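Peer 1: Just one file: model.cif, with mmCIF, C-alpha atoms.
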```cif
data_start
#
loop_
_atom_site.label_atom_id
_atom_site.label_comp_id
_atom_site.auth_asym_id
_atom_site.auth_seq_id
_atom_site.Cartn_x
_atom_site.Cartn_y
_atom_site.Cartn_z
CA MET A 1 -14.74 -49.09 -7.86
CA PRO A 2 -13.44 -52.64 -7.60
CA PRO A 3 -15.99 -54.92 -5.91
CA GLN A 4 -13.67 -56.07 -3.11
CA LEU A 5 -13.11 -52.45 -2.09
CA SER A 6 -16.77 -51.60 -1.98
CA ARG A 7 -17.45 -54.74 0.07
CA LEU A 8 -14.78 -53.60 2.50
CA MET A 9 -16.35 -50.16 2.66
CA ILE A 10 -19.66 -51.67 3.65
CA ILE A 11 -18.02 -53.57 6.48
CA PHE A 12 -16.27 -50.41 7.66
CA GLY A 13 -19.50 -48.51 7.44
CA LEU A 14 -21.28 -51.08 9.55
CA LEU A 15 -18.49 -51.01 12.14
CA ALA A 16 -18.71 -47.23 12.29
CA VAL A 17 -22.45 -47.46 12.86
CA LEU A 18 -21.91 -50.08 15.55
CA PHE A 19 -19.38 -47.79 17.27
CA ILE A 20 -21.68 -44.78 17.21
CA VAL A 21 -24.65 -46.78 18.46
CA SER A 22 -22.72 -48.49 21.28
CA ARG A 23 -21.20 -45.15 22.32
CA TRP A 24 -24.67 -43.66 22.36
CA VAL A 25 -25.94 -46.48 24.55
CA ALA A 26 -22.98 -46.75 26.95
CA GLN A 27 -22.10 -43.11 27.54
CA PRO A 28 -23.93 -41.31 30.37
CA PRO A 29 -25.93 -38.35 29.09
CA SER A 30 -23.95 -35.75 30.99
CA PHE A 31 -20.56 -37.02 29.81
CA ASN A 32 -18.52 -34.26 28.10
CA ARG A 33 -20.74 -31.52 29.53
CA TYR A 34 -17.74 -29.84 31.18
CA GLY A 35 -14.95 -32.16 30.09
CA HIS A 36 -14.06 -35.79 29.65
CA TYR A 37 -16.14 -36.92 32.62
CA ARG A 38 -19.72 -37.33 33.81
CA GLY A 39 -21.02 -33.81 34.41
CA ASP A 40 -23.68 -34.95 36.88
CA ALA A 41 -20.91 -36.06 39.24
CA LEU A 42 -20.25 -32.39 40.02
CA GLU A 43 -23.79 -31.85 41.29
CA GLU A 44 -23.79 -35.19 43.09
CA ILE A 45 -20.56 -34.50 44.97
CA SER A 46 -21.41 -30.89 45.78
CA SER A 47 -24.81 -31.84 47.19
CA ILE A 48 -23.47 -34.28 49.83
CA ALA A 49 -24.70 -33.33 53.32
CA THR A 50 -22.23 -31.77 55.76
CA ASN A 51 -21.41 -33.15 59.22
CA TYR A 52 -19.75 -30.00 60.54
CA ALA A 53 -22.19 -27.10 60.85
CA ALA A 54 -21.35 -23.51 59.95
CA LEU A 55 -18.91 -21.79 62.31
CA ASN A 56 -21.35 -19.38 63.97
CA SER A 57 -24.30 -21.76 64.29
CA CYS A 58 -23.52 -22.39 68.00
CA ALA A 59 -23.88 -18.71 68.93
CA ASP A 60 -27.68 -18.62 68.75
CA CYS A 61 -28.31 -21.02 71.65
CA HIS A 62 -25.03 -21.09 73.61
CA GLU A 63 -24.62 -17.34 74.09
CA ASP A 64 -22.64 -17.47 77.34
CA GLU A 65 -20.09 -19.97 76.11
CA TRP A 66 -19.79 -18.12 72.82
CA LYS A 67 -19.16 -14.82 74.60
CA GLN A 68 -16.62 -16.40 76.93
CA LYS A 69 -14.78 -17.99 74.03
CA SER A 70 -14.72 -14.80 71.97
CA GLU A 71 -12.95 -12.95 74.80
CA GLY A 72 -10.11 -15.43 75.12
CA PRO A 73 -7.21 -16.83 73.12
CA HIS A 74 -9.48 -19.42 71.50
CA SER A 75 -11.71 -16.74 69.94
CA LYS A 76 -10.87 -17.71 66.37
CA MET A 77 -11.29 -21.42 66.98
CA SER A 78 -14.31 -23.39 65.83
CA CYS A 79 -16.43 -24.84 68.65
CA GLN A 80 -16.59 -28.09 66.72
CA SER A 81 -12.81 -28.38 66.73
CA CYS A 82 -13.11 -29.56 70.35
CA HIS A 83 -16.77 -30.63 70.51
CA GLY A 84 -16.86 -32.67 67.31
CA PRO A 85 -19.20 -32.45 64.32
CA GLY A 86 -22.42 -30.64 65.22
CA GLN A 87 -24.67 -30.53 62.17
CA ALA A 88 -26.99 -33.20 63.60
CA HIS A 89 -27.15 -31.31 66.92
CA VAL A 90 -27.93 -28.03 65.14
CA THR A 91 -30.68 -29.67 63.11
CA ASP A 92 -32.31 -31.34 66.11
CA PRO A 93 -30.74 -30.63 69.54
CA SER A 94 -32.97 -33.18 71.28
CA GLU A 95 -31.85 -36.04 69.05
CA ALA A 96 -28.08 -35.69 68.79
CA ASN A 97 -25.59 -34.11 71.13
CA ILE A 98 -22.05 -32.87 70.74
CA VAL A 99 -19.02 -34.41 72.41
CA LEU A 100 -17.72 -33.15 75.75
CA PRO A 101 -13.95 -33.63 75.50
CA ALA A 102 -12.11 -34.95 78.56
CA ALA A 103 -10.40 -31.84 79.88
CA ASP A 104 -7.31 -33.56 81.26
CA LYS A 105 -6.50 -35.47 78.10
CA PHE A 106 -7.78 -33.08 75.49
CA CYS A 107 -6.08 -29.77 76.30
CA VAL A 108 -2.63 -31.35 76.37
CA ARG A 109 -3.09 -32.55 72.85
CA CYS A 110 -2.21 -29.04 71.76
CA HIS A 111 -0.52 -27.62 74.83
CA SER A 112 1.83 -30.35 76.07
CA LYS A 113 5.52 -29.67 75.55
CA ASN A 114 6.63 -30.96 72.18
CA ASN A 115 9.95 -30.04 70.66
CA SER A 116 8.46 -29.90 67.17
CA ARG A 117 5.85 -27.29 68.04
CA PRO A 118 6.45 -23.61 67.24
CA ARG A 119 8.51 -22.10 70.08
CA ASN A 120 6.08 -19.21 70.71
CA PHE A 121 3.10 -21.52 71.15
CA PRO A 122 2.02 -21.87 74.83
CA GLN A 123 3.14 -25.31 76.00
CA ILE A 124 3.35 -26.96 79.41
CA VAL A 125 5.27 -29.89 80.81
CA VAL A 126 2.19 -31.72 81.98
CA LYS A 127 3.65 -33.41 85.09
CA GLU A 128 5.06 -30.17 86.49
CA HIS A 129 2.14 -27.95 85.53
CA THR A 130 -1.03 -29.82 86.45
CA GLU A 131 0.07 -31.82 89.51
CA GLY A 132 -2.58 -34.37 88.54
CA LYS A 133 -5.45 -31.89 88.47
CA LYS A 134 -7.81 -31.38 85.57
CA CYS A 135 -7.15 -28.23 83.55
CA THR A 136 -10.64 -26.89 84.18
CA VAL A 137 -10.13 -26.93 87.96
CA CYS A 138 -8.08 -23.72 87.61
CA HIS A 139 -8.71 -22.49 84.07
CA LEU A 140 -11.96 -21.08 82.76
CA THR A 141 -13.19 -23.67 80.25
CA HIS A 142 -13.94 -21.49 77.25
CA ASN A 143 -11.44 -18.75 78.04
CA PRO A 144 -8.46 -20.58 79.54
CA SER A 145 -6.30 -17.48 79.91
CA GLU A 146 -8.62 -16.47 82.78
CA MET A 147 -8.42 -18.28 86.11
CA LYS A 148 -11.46 -19.44 88.04
CA MET B 1 -38.20 -38.99 -1.14
CA GLU B 2 -35.78 -41.82 -0.95
CA SER B 3 -38.12 -44.10 -2.84
CA GLU B 4 -38.31 -41.50 -5.62
CA LYS B 5 -34.54 -41.41 -5.90
CA LEU B 6 -34.50 -45.15 -6.11
CA THR B 7 -37.01 -45.29 -8.94
CA GLU B 8 -35.08 -42.64 -10.85
CA SER B 9 -31.87 -44.63 -10.89
CA GLN B 10 -31.94 -47.11 -13.72
CA CYS B 11 -31.36 -50.36 -11.92
CA PRO B 12 -30.49 -50.24 -8.21
CA THR B 13 -28.37 -53.23 -7.30
CA ARG B 14 -28.75 -54.94 -3.96
CA ARG B 15 -25.32 -53.61 -2.99
CA ASP B 16 -26.34 -50.03 -3.65
CA PHE B 17 -29.44 -50.51 -1.60
CA ILE B 18 -27.50 -51.87 1.39
CA LYS B 19 -25.04 -48.99 1.14
CA LEU B 20 -27.91 -46.54 1.19
CA LEU B 21 -29.38 -48.28 4.22
CA GLY B 22 -26.02 -48.13 6.02
CA GLY B 23 -25.66 -44.44 5.28
CA ALA B 24 -29.16 -43.71 6.50
CA ALA B 25 -28.51 -45.66 9.72
CA ALA B 26 -25.28 -43.72 10.33
CA VAL B 27 -27.05 -40.40 9.88
CA ALA B 28 -29.91 -41.53 12.11
CA ALA B 29 -27.46 -42.57 14.81
CA ALA B 30 -25.47 -39.35 14.61
CA PHE B 31 -28.48 -37.02 14.85
CA PRO B 32 -29.51 -37.78 18.45
CA LEU B 33 -25.85 -37.37 19.50
CA ILE B 34 -25.71 -33.85 18.12
CA GLY B 35 -29.14 -33.03 19.52
CA LYS B 36 -28.14 -34.31 22.97
CA ALA B 37 -24.95 -32.26 23.08
CA ALA B 38 -26.77 -29.08 22.11
CA ALA B 39 -29.60 -29.56 24.59
CA GLU B 40 -27.52 -30.32 27.67
CA THR B 41 -24.73 -27.78 27.44
CA ASP B 42 -25.98 -25.45 30.13
CA GLU B 43 -23.71 -22.49 29.57
CA VAL B 44 -24.82 -20.41 32.51
CA LYS B 45 -24.07 -23.20 34.91
CA SER B 46 -20.67 -24.12 33.53
CA GLU B 47 -19.77 -20.44 33.70
CA GLN B 48 -20.63 -20.41 37.40
CA TRP B 49 -18.46 -23.44 38.08
CA SER B 50 -15.46 -21.76 36.49
CA HIS B 51 -15.82 -18.47 38.36
CA HIS B 52 -13.51 -19.75 41.06
CA LYS B 53 -10.17 -21.51 41.30
CA TRP B 54 -9.82 -23.10 44.71
CA GLY B 55 -6.48 -23.43 46.39
CA MET B 56 -4.94 -23.81 49.82
CA ALA B 57 -1.92 -22.43 51.59
CA ILE B 58 -0.41 -24.11 54.63
CA ASP B 59 1.52 -22.03 57.11
CA VAL B 60 3.82 -24.67 58.58
CA GLU B 61 5.10 -22.22 61.19
CA LYS B 62 1.63 -22.10 62.72
CA CYS B 63 0.94 -25.85 62.68
CA ILE B 64 1.10 -27.31 66.19
CA GLY B 65 0.52 -30.93 65.19
CA CYS B 66 -2.73 -31.39 67.12
CA GLY B 67 -4.23 -33.45 64.32
CA ARG B 68 -7.67 -31.88 64.60
CA CYS B 69 -7.70 -31.50 60.82
CA VAL B 70 -7.25 -35.25 60.40
CA VAL B 71 -10.11 -35.94 62.82
CA ALA B 72 -12.33 -33.32 61.17
CA CYS B 73 -11.62 -34.73 57.72
CA LYS B 74 -12.49 -38.26 58.74
CA GLU B 75 -15.66 -37.16 60.54
CA GLU B 76 -16.82 -34.92 57.72
CA ASN B 77 -16.13 -37.27 54.85
CA GLY B 78 -16.73 -40.67 56.42
CA VAL B 79 -13.17 -41.82 55.81
CA PRO B 80 -12.57 -45.27 57.39
CA LYS B 81 -10.96 -44.99 60.82
CA GLU B 82 -8.21 -47.56 60.13
CA PRO B 83 -4.80 -45.89 60.29
CA ILE B 84 -4.04 -46.45 56.61
CA TYR B 85 -6.86 -44.42 55.10
CA PHE B 86 -6.38 -40.66 55.03
CA ARG B 87 -7.60 -37.81 52.90
CA THR B 88 -5.37 -35.53 54.88
CA TRP B 89 -2.65 -36.39 57.38
CA VAL B 90 0.10 -34.66 59.32
CA GLU B 91 3.79 -35.55 59.20
CA ARG B 92 6.35 -34.60 61.85
CA TYR B 93 9.85 -33.69 60.69
CA ARG B 94 12.69 -33.66 63.20
CA GLU B 95 16.06 -32.66 61.81
CA TYR B 96 19.25 -33.67 63.62
CA ASP B 97 22.89 -33.13 62.72
CA ASP B 98 23.23 -36.49 61.03
CA ASP B 99 19.75 -37.37 59.84
CA THR B 100 16.10 -36.37 59.60
CA VAL B 101 13.36 -38.35 61.29
CA VAL B 102 9.92 -38.25 59.69
CA ASP B 103 6.98 -39.91 61.38
CA SER B 104 3.22 -39.77 61.28
CA PRO B 105 1.69 -42.05 63.94
CA ASN B 106 -1.86 -42.83 62.80
CA GLY B 107 -1.55 -39.92 60.38
CA GLY B 108 -1.58 -37.53 63.32
CA TYR B 109 -5.15 -38.56 64.22
CA ASP B 110 -4.25 -38.90 67.90
CA GLY B 111 -1.87 -35.96 67.95
CA PHE B 112 1.87 -36.14 68.54
CA THR B 113 3.69 -36.77 71.78
CA SER B 114 7.35 -36.22 72.49
CA SER B 115 9.10 -37.90 75.38
CA GLU B 116 11.55 -36.14 77.65
CA GLU B 117 14.40 -38.51 76.85
CA GLU B 118 14.18 -37.55 73.20
CA ARG B 119 17.07 -35.70 71.56
CA GLU B 120 16.37 -32.02 71.01
CA PRO B 121 16.20 -31.55 67.24
CA ILE B 122 17.84 -28.65 65.44
CA ARG B 123 14.57 -28.02 63.75
CA GLY B 124 11.21 -29.64 64.24
CA PHE B 125 7.96 -28.93 62.46
CA PHE B 126 4.71 -30.46 61.29
CA VAL B 127 3.61 -30.69 57.68
CA PRO B 128 -0.07 -31.32 56.95
CA LYS B 129 -0.53 -33.11 53.66
CA LEU B 130 -3.54 -33.45 51.40
CA CYS B 131 -4.45 -33.65 47.73
CA ASN B 132 -2.43 -30.99 45.95
CA ALA B 133 -5.23 -30.36 43.44
CA CYS B 134 -2.64 -30.33 40.65
CA GLU B 135 -3.40 -28.19 37.65
CA LYS B 136 -1.85 -30.95 35.52
CA SER B 137 -2.76 -33.91 37.68
CA PRO B 138 -1.14 -37.26 36.89
CA CYS B 139 -4.06 -39.13 38.44
CA GLU B 140 -6.50 -37.53 36.05
CA GLN B 141 -4.29 -38.31 33.07
CA VAL B 142 -4.01 -42.02 33.80
CA CYS B 143 -7.67 -42.74 34.61
CA PRO B 144 -8.85 -45.10 31.87
CA VAL B 145 -12.56 -44.34 32.21
CA GLY B 146 -12.68 -40.61 32.98
CA ALA B 147 -13.75 -41.16 36.58
CA THR B 148 -11.10 -38.80 37.94
CA PHE B 149 -11.39 -35.29 36.66
CA LYS B 150 -10.48 -31.70 37.33
CA THR B 151 -13.54 -29.57 37.91
CA PRO B 152 -13.89 -26.15 36.23
CA ASP B 153 -13.14 -24.59 39.63
CA GLY B 154 -9.90 -26.45 40.12
CA ALA B 155 -10.64 -29.35 42.47
CA VAL B 156 -9.71 -32.87 41.44
CA LEU B 157 -12.56 -35.27 42.15
CA VAL B 158 -13.43 -38.94 41.77
CA ASP B 159 -16.75 -39.97 40.27
CA ALA B 160 -17.54 -42.90 42.55
CA LYS B 161 -20.25 -44.18 40.24
CA TYR B 162 -17.90 -44.30 37.28
CA CYS B 163 -14.66 -45.49 38.92
CA ILE B 164 -13.84 -49.12 38.21
CA GLY B 165 -11.35 -49.42 41.08
CA CYS B 166 -8.32 -50.24 38.91
CA ARG B 167 -5.98 -48.39 41.31
CA TYR B 168 -3.99 -46.83 38.47
CA CYS B 169 -4.48 -43.34 39.90
CA ILE B 170 -3.22 -44.48 43.30
CA GLN B 171 0.02 -45.51 41.62
CA ALA B 172 0.20 -42.31 39.62
CA CYS B 173 -0.23 -39.76 42.43
CA PRO B 174 3.27 -38.56 43.33
CA TYR B 175 2.05 -37.24 46.68
CA GLY B 176 0.44 -40.47 47.90
CA CYS B 177 -2.88 -38.74 48.41
CA ARG B 178 -5.16 -41.50 47.14
CA PHE B 179 -6.41 -44.75 48.58
CA LEU B 180 -8.91 -47.42 47.68
CA ASN B 181 -11.95 -47.00 49.90
CA PRO B 182 -12.58 -50.44 51.46
CA VAL B 183 -16.33 -49.78 51.73
CA THR B 184 -17.09 -48.58 48.22
CA ASN B 185 -14.09 -50.23 46.51
CA VAL B 186 -13.40 -47.12 44.47
CA ALA B 187 -10.54 -44.62 44.59
CA ASP B 188 -10.99 -41.97 47.27
CA LYS B 189 -9.20 -38.73 47.99
CA CYS B 190 -9.44 -35.21 49.35
CA THR B 191 -12.06 -33.19 47.47
CA PHE B 192 -11.27 -29.83 49.14
CA CYS B 193 -14.61 -30.66 50.85
CA TYR B 194 -16.33 -29.87 47.57
CA HIS B 195 -19.74 -30.31 49.21
CA ARG B 196 -18.85 -27.66 51.79
CA ILE B 197 -17.31 -25.03 49.53
CA HIS B 198 -20.40 -25.13 47.33
CA LYS B 199 -22.53 -24.37 50.41
CA GLY B 200 -20.37 -21.35 51.19
CA LEU B 201 -18.41 -23.09 53.96
CA LYS B 202 -14.70 -23.76 54.20
CA PRO B 203 -13.27 -27.31 54.13
CA ALA B 204 -13.58 -29.15 57.46
CA CYS B 205 -9.81 -29.21 58.06
CA VAL B 206 -9.58 -25.45 57.52
CA GLU B 207 -12.50 -24.59 59.83
CA ASN B 208 -11.23 -26.87 62.57
CA CYS B 209 -7.60 -25.81 62.56
CA PRO B 210 -7.15 -24.08 65.94
CA THR B 211 -4.23 -21.90 64.82
CA GLY B 212 -5.33 -21.00 61.31
CA ALA B 213 -2.43 -22.83 59.73
CA ARG B 214 -4.54 -23.75 56.74
CA ILE B 215 -5.73 -20.93 54.52
CA PHE B 216 -8.33 -21.84 51.94
CA GLY B 217 -9.63 -19.59 49.24
CA ASP B 218 -10.26 -18.56 45.70
CA LEU B 219 -7.18 -17.93 43.58
CA LYS B 220 -9.24 -15.90 41.11
CA ASN B 221 -10.39 -13.39 43.73
CA GLU B 222 -7.77 -10.73 44.43
CA LYS B 223 -9.23 -9.82 47.82
CA ASP B 224 -9.30 -13.39 49.06
CA PRO B 225 -7.21 -14.13 52.20
CA LEU B 226 -5.42 -16.83 50.24
CA ARG B 227 -4.30 -14.42 47.53
CA ILE B 228 -3.17 -11.94 50.19
CA PHE B 229 -1.24 -14.69 51.98
CA LEU B 230 0.45 -15.74 48.74
CA LYS B 231 1.40 -12.13 48.06
CA GLU B 232 2.96 -11.66 51.47
CA HIS B 233 4.80 -14.97 51.86
CA LYS B 234 7.39 -16.92 49.94
CA VAL B 235 5.68 -20.22 49.31
CA PHE B 236 6.77 -23.54 47.90
CA VAL B 237 4.95 -26.43 46.31
CA LEU B 238 5.81 -30.08 46.81
CA LYS B 239 7.84 -31.81 44.07
CA PRO B 240 7.91 -28.87 41.66
CA ASN B 241 10.23 -30.85 39.37
CA LEU B 242 7.30 -33.06 38.36
CA ASN B 243 5.50 -30.14 36.68
CA THR B 244 2.18 -31.01 38.26
CA TYR B 245 1.51 -27.36 39.21
CA PRO B 246 -0.10 -27.97 42.61
CA LYS B 247 -2.61 -25.53 44.08
CA VAL B 248 -1.56 -26.34 47.66
CA PHE B 249 1.20 -23.98 48.74
CA TYR B 250 3.51 -24.42 51.72
CA TYR B 251 5.10 -21.65 53.73
CA GLY B 252 7.90 -22.47 56.12
CA ILE B 253 9.02 -25.90 54.91
CA ASP B 254 12.59 -26.71 54.04
CA LYS B 255 14.41 -29.01 51.66
CA GLU B 256 13.74 -32.13 53.72
CA VAL B 257 10.03 -32.05 52.93
CA ARG B 258 9.04 -34.20 50.02
#
```
Hey, can you dump this file as structure tokens for me?
Peer 2:
Amino acid sequence: MPPQLSRLMIIFGLLAVLFIVSRWVAQPPSFNRYGHYRGDALEEISSIATNYAALNSCADCHEDEWKQKSEGPHSKMSCQSCHGPGQAHVTDPSEANIVLPAADKFCVRCHSKNNSRPRNFPQIVVKEHTEGKKCTVCHLTHNPSEMK
Amino acid sequence: MESEKLTESQCPTRRDFIKLLGGAAAVAAAFPLIGKAAAETDEVKSEQWSHHKWGMAIDVEKCIGCGRCVVACKEENGVPKEPIYFRTWVERYREYDDDTVVDSPNGGYDGFTSSEEEREPIRGFFVPKLCNACEKSPCEQVCPVGATFKTPDGAVLVDAKYCIGCRYCIQACPYGCRFLNPVTNVADKCTFCYHRIHKGLKPACVENCPTGARIFGDLKNEKDPLRIFLKEHKVFVLKPNLNTYPKVFYYGIDKEVR
């Protein structure tokens, strides 16, 4: 082997060692566990705490409201869709509370007349329908198809 | 042993000795790598991850444009409230004879209003948008550090600890689903609420949709509501010409939706 070639080989060998060592130092241990990414990220992301509690977690304490809701057109809706995220309230009801939506502004968010909404969806022209009254004056709050 | 070999050879030159040292160092460096890979490949766990393939169908004919999904997403995932940061948002399409008007005031966060003076459109509908969880995702392909990845169960996630905030993925996403989180300064996007689906819950937008316009489920499970929905409806994906193979399917959209 000519001497210049073997000298070159040494340099290449050293570079290869440098590469392997630096890769060993820089790469997180869980890299390439599932693919070309840090495997621990999967556990980290999946273990983030939730803000919205499970759908039926309201039923244990708020039996009356739950029963009323399940009899009406909103039976399949989540309570937290109107009342906001409730995980903190479920964990400790004395510490955090859910939101009470303003009945006059909140219902019309879905039920005001909008020409892009599906035609068969119940919609009202607010001015004609409410005459300035709050929805809950006439409608039962958790089962609005029933009148008070 | 090595010293024995050395004494056996007639006259070891300095060069030979250095070569031997280099070789030994390379072997020493390679051994822990192999050992590490073997020790940490937890096969049972990776099998569990790949048992599912998450996907979503959106029934546009049921969407009423209330924007509760946008609110739920922001509340659940701590997305900044400014009207330019969205993991999911709702667009309104109004088609007239001569043109199509598309708008999305505050991403649909405050709902949509229509005034009485407005022209009656031929067709009007709402299209919720989110990460399409592409099977061949452009954002994953362009990430220079491997911070964006497709999980074994089909979601496309961002490793916030590994992302360098180069914004390349934001450019690459053909659906505009990514943004740079102003708090963490890393790329952010819809995760299919990965933290919820691994606790047995549905994504926040799905659970809070009052009309059930979003159907979330497991594409690998034949009895899943999503699979049944896909069987019974003719669905489309967005930008099929880009060959990204999205796992978010739309029912009831027309050619104007991009």
Peer 1: CA of Arg119 in chain A and CA of Val137 in chain A, how far apart in Å?
Peer 2: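 Distance between the two atoms: 26.3 Å.
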Peer 1: Please produce, as CSV, a per-residue contact table for range 25-67 of chain A versus range 205-221 of chain B (criterion: any atom at most 10 Å away, all atoms listed in the file considered), showing the nearest atom pair and its distance in Å to one decimal, sorted by chain then residue number.
Peer 2:
```
residue,atom,partner,partner_atom,distance
A:Tyr52,CA,B:Glu207,CA,9.1
A:Ala54,CA,B:Glu207,CA,8.9
A:Leu55,CA,B:Glu207,CA,7.4
```
Peer 1: Could you tell me which residues the PyMOL selection byres ((chain A and resi 72-83) around 10) grabs in this file, written as a PyMOL selection string?
Peer 2: (chain A and resi 52-59+65-71+84-87+97-102+106-107+140+142-146) or (chain B and resi 68-69+71-72+204-212)
Peer 1: To verify the selection step, state as a list of chain:residue names which residues the PyMOL selection byres ((chain B and resi 59) around 9) yields on this input.
Peer 2: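 With the shown file as input, the PyMOL selection byres ((chain B and resi 59) around 9) matches B:Ala57, B:Ile58, B:Val60, B:Glu61, B:Lys62, B:Cys63, B:Val127, B:Gly212, B:Ala213, B:Arg214, B:Ile215, B:Phe249, B:Tyr250, B:Tyr251, B:Gly252, B:Ile253.
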Peer 1: Please, which residues of chain A lie no more than 8 Å from chain B when the count uses only C-alpha atoms, and can they be set out as a VMD selection string?
Peer 2: chain A and resid 10 13 to 14 16 to 17 20 to 21 24 29 to 30 33 to 34 36 to 38 41 to 42 45 to 52 54 to 55 74 76 to 78 80 to 81 84 to 85 109 to 110 112 to 118 121
Peer 1: B:Cys177, B:Val257, B:Val156, B:Leu242: which is nearest Ile84 in chain B, counting only C-alpha atoms?
Peer 2: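 Closest to Ile84 in chain B of all the choices is B:Cys177.
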Peer 1: So the first atom is CA of Trp89 in chain B and the second is CA of Leu130 in chain B; what is the distance between them in Å, to one decimal place?
Peer 2: 6.7 Å
Peer 1: When you draw a straight line from CA of Val183 in chain B to CA of Val248 in chain B, how long is it in Å?
Peer 2: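 So the answer is 28.0 Å.
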Peer 1: Using only C-alpha atoms, which of the listed residues (B:Arg167, B:Arg87, B:Arg258, B:Arg227) sits closest to Lys239 in chain B?
Peer 2: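 Nearest to Lys239 in chain B: B:Arg258.
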Peer 1: Evaluate the PyMOL selection byres ((chain B and resi 186) around 8) here and jot the selected residues down as a count of residues only.
Peer 2: 11
Peer 1: Could you model N, CA and C atoms for range 159-175 of chain B and present them as a PDB file, in the coordinates of the input?
Peer 2:
```
ATOM      1  N   ASP B 159     -15.355 -39.600  40.479  1.00  0.00           N
ATOM      2  CA  ASP B 159     -16.750 -39.970  40.270  1.00  0.00           C
ATOM      3  C   ASP B 159     -16.917 -41.413  40.740  1.00  0.00           C
ATOM      4  N   ALA B 160     -17.487 -41.566  41.948  1.00  0.00           N
ATOM      5  CA  ALA B 160     -17.540 -42.900  42.550  1.00  0.00           C
ATOM      6  C   ALA B 160     -18.423 -43.854  41.755  1.00  0.00           C
ATOM      7  N   LYS B 161     -19.383 -43.308  41.011  1.00  0.00           N
ATOM      8  CA  LYS B 161     -20.250 -44.180  40.240  1.00  0.00           C
ATOM      9  C   LYS B 161     -19.568 -44.681  38.966  1.00  0.00           C
ATOM     10  N   TYR B 162     -18.523 -43.988  38.557  1.00  0.00           N
ATOM     11  CA  TYR B 162     -17.900 -44.300  37.280  1.00  0.00           C
ATOM     12  C   TYR B 162     -16.566 -45.018  37.451  1.00  0.00           C
ATOM     13  N   CYS B 163     -15.969 -44.881  38.661  1.00  0.00           N
ATOM     14  CA  CYS B 163     -14.660 -45.490  38.920  1.00  0.00           C
ATOM     15  C   CYS B 163     -14.792 -47.005  38.899  1.00  0.00           C
ATOM     16  N   ILE B 164     -13.803 -47.663  38.266  1.00  0.00           N
ATOM     17  CA  ILE B 164     -13.840 -49.120  38.210  1.00  0.00           C
ATOM     18  C   ILE B 164     -12.891 -49.748  39.217  1.00  0.00           C
ATOM     19  N   GLY B 165     -12.230 -48.911  40.025  1.00  0.00           N
ATOM     20  CA  GLY B 165     -11.350 -49.420  41.080  1.00  0.00           C
ATOM     21  C   GLY B 165     -10.098 -50.102  40.564  1.00  0.00           C
ATOM     22  N   CYS B 166      -9.512 -49.589  39.480  1.00  0.00           N
ATOM     23  CA  CYS B 166      -8.320 -50.240  38.910  1.00  0.00           C
ATOM     24  C   CYS B 166      -7.046 -49.847  39.627  1.00  0.00           C
ATOM     25  N   ARG B 167      -7.097 -48.829  40.473  1.00  0.00           N
ATOM     26  CA  ARG B 167      -5.980 -48.390  41.310  1.00  0.00           C
ATOM     27  C   ARG B 167      -4.849 -47.707  40.526  1.00  0.00           C
ATOM     28  N   TYR B 168      -5.062 -47.450  39.254  1.00  0.00           N
ATOM     29  CA  TYR B 168      -3.990 -46.830  38.470  1.00  0.00           C
ATOM     30  C   TYR B 168      -3.661 -45.441  39.026  1.00  0.00           C
ATOM     31  N   CYS B 169      -4.697 -44.691  39.399  1.00  0.00           N
ATOM     32  CA  CYS B 169      -4.480 -43.340  39.900  1.00  0.00           C
ATOM     33  C   CYS B 169      -3.711 -43.340  41.212  1.00  0.00           C
ATOM     34  N   ILE B 170      -3.926 -44.399  42.020  1.00  0.00           N
ATOM     35  CA  ILE B 170      -3.220 -44.480  43.300  1.00  0.00           C
ATOM     36  C   ILE B 170      -1.727 -44.608  43.047  1.00  0.00           C
ATOM     37  N   GLN B 171      -1.383 -45.377  42.012  1.00  0.00           N
ATOM     38  CA  GLN B 171       0.020 -45.510  41.620  1.00  0.00           C
ATOM     39  C   GLN B 171       0.561 -44.194  41.069  1.00  0.00           C
ATOM     40  N   ALA B 172      -0.290 -43.469  40.363  1.00  0.00           N
ATOM     41  CA  ALA B 172       0.200 -42.310  39.620  1.00  0.00           C
ATOM     42  C   ALA B 172       0.414 -41.095  40.512  1.00  0.00           C
ATOM     43  N   CYS B 173      -0.324 -40.974  41.613  1.00  0.00           N
ATOM     44  CA  CYS B 173      -0.230 -39.760  42.430  1.00  0.00           C
ATOM     45  C   CYS B 173       1.143 -39.681  43.086  1.00  0.00           C
ATOM     46  N   PRO B 174       1.927 -38.654  42.758  1.00  0.00           N
ATOM     47  CA  PRO B 174       3.270 -38.560  43.330  1.00  0.00           C
ATOM     48  C   PRO B 174       3.262 -38.152  44.795  1.00  0.00           C
ATOM     49  N   TYR B 175       2.122 -37.707  45.301  1.00  0.00           N
ATOM     50  CA  TYR B 175       2.050 -37.240  46.680  1.00  0.00           C
ATOM     51  C   TYR B 175       1.406 -38.273  47.606  1.00  0.00           C
TER      52      TYR B 175
END
```
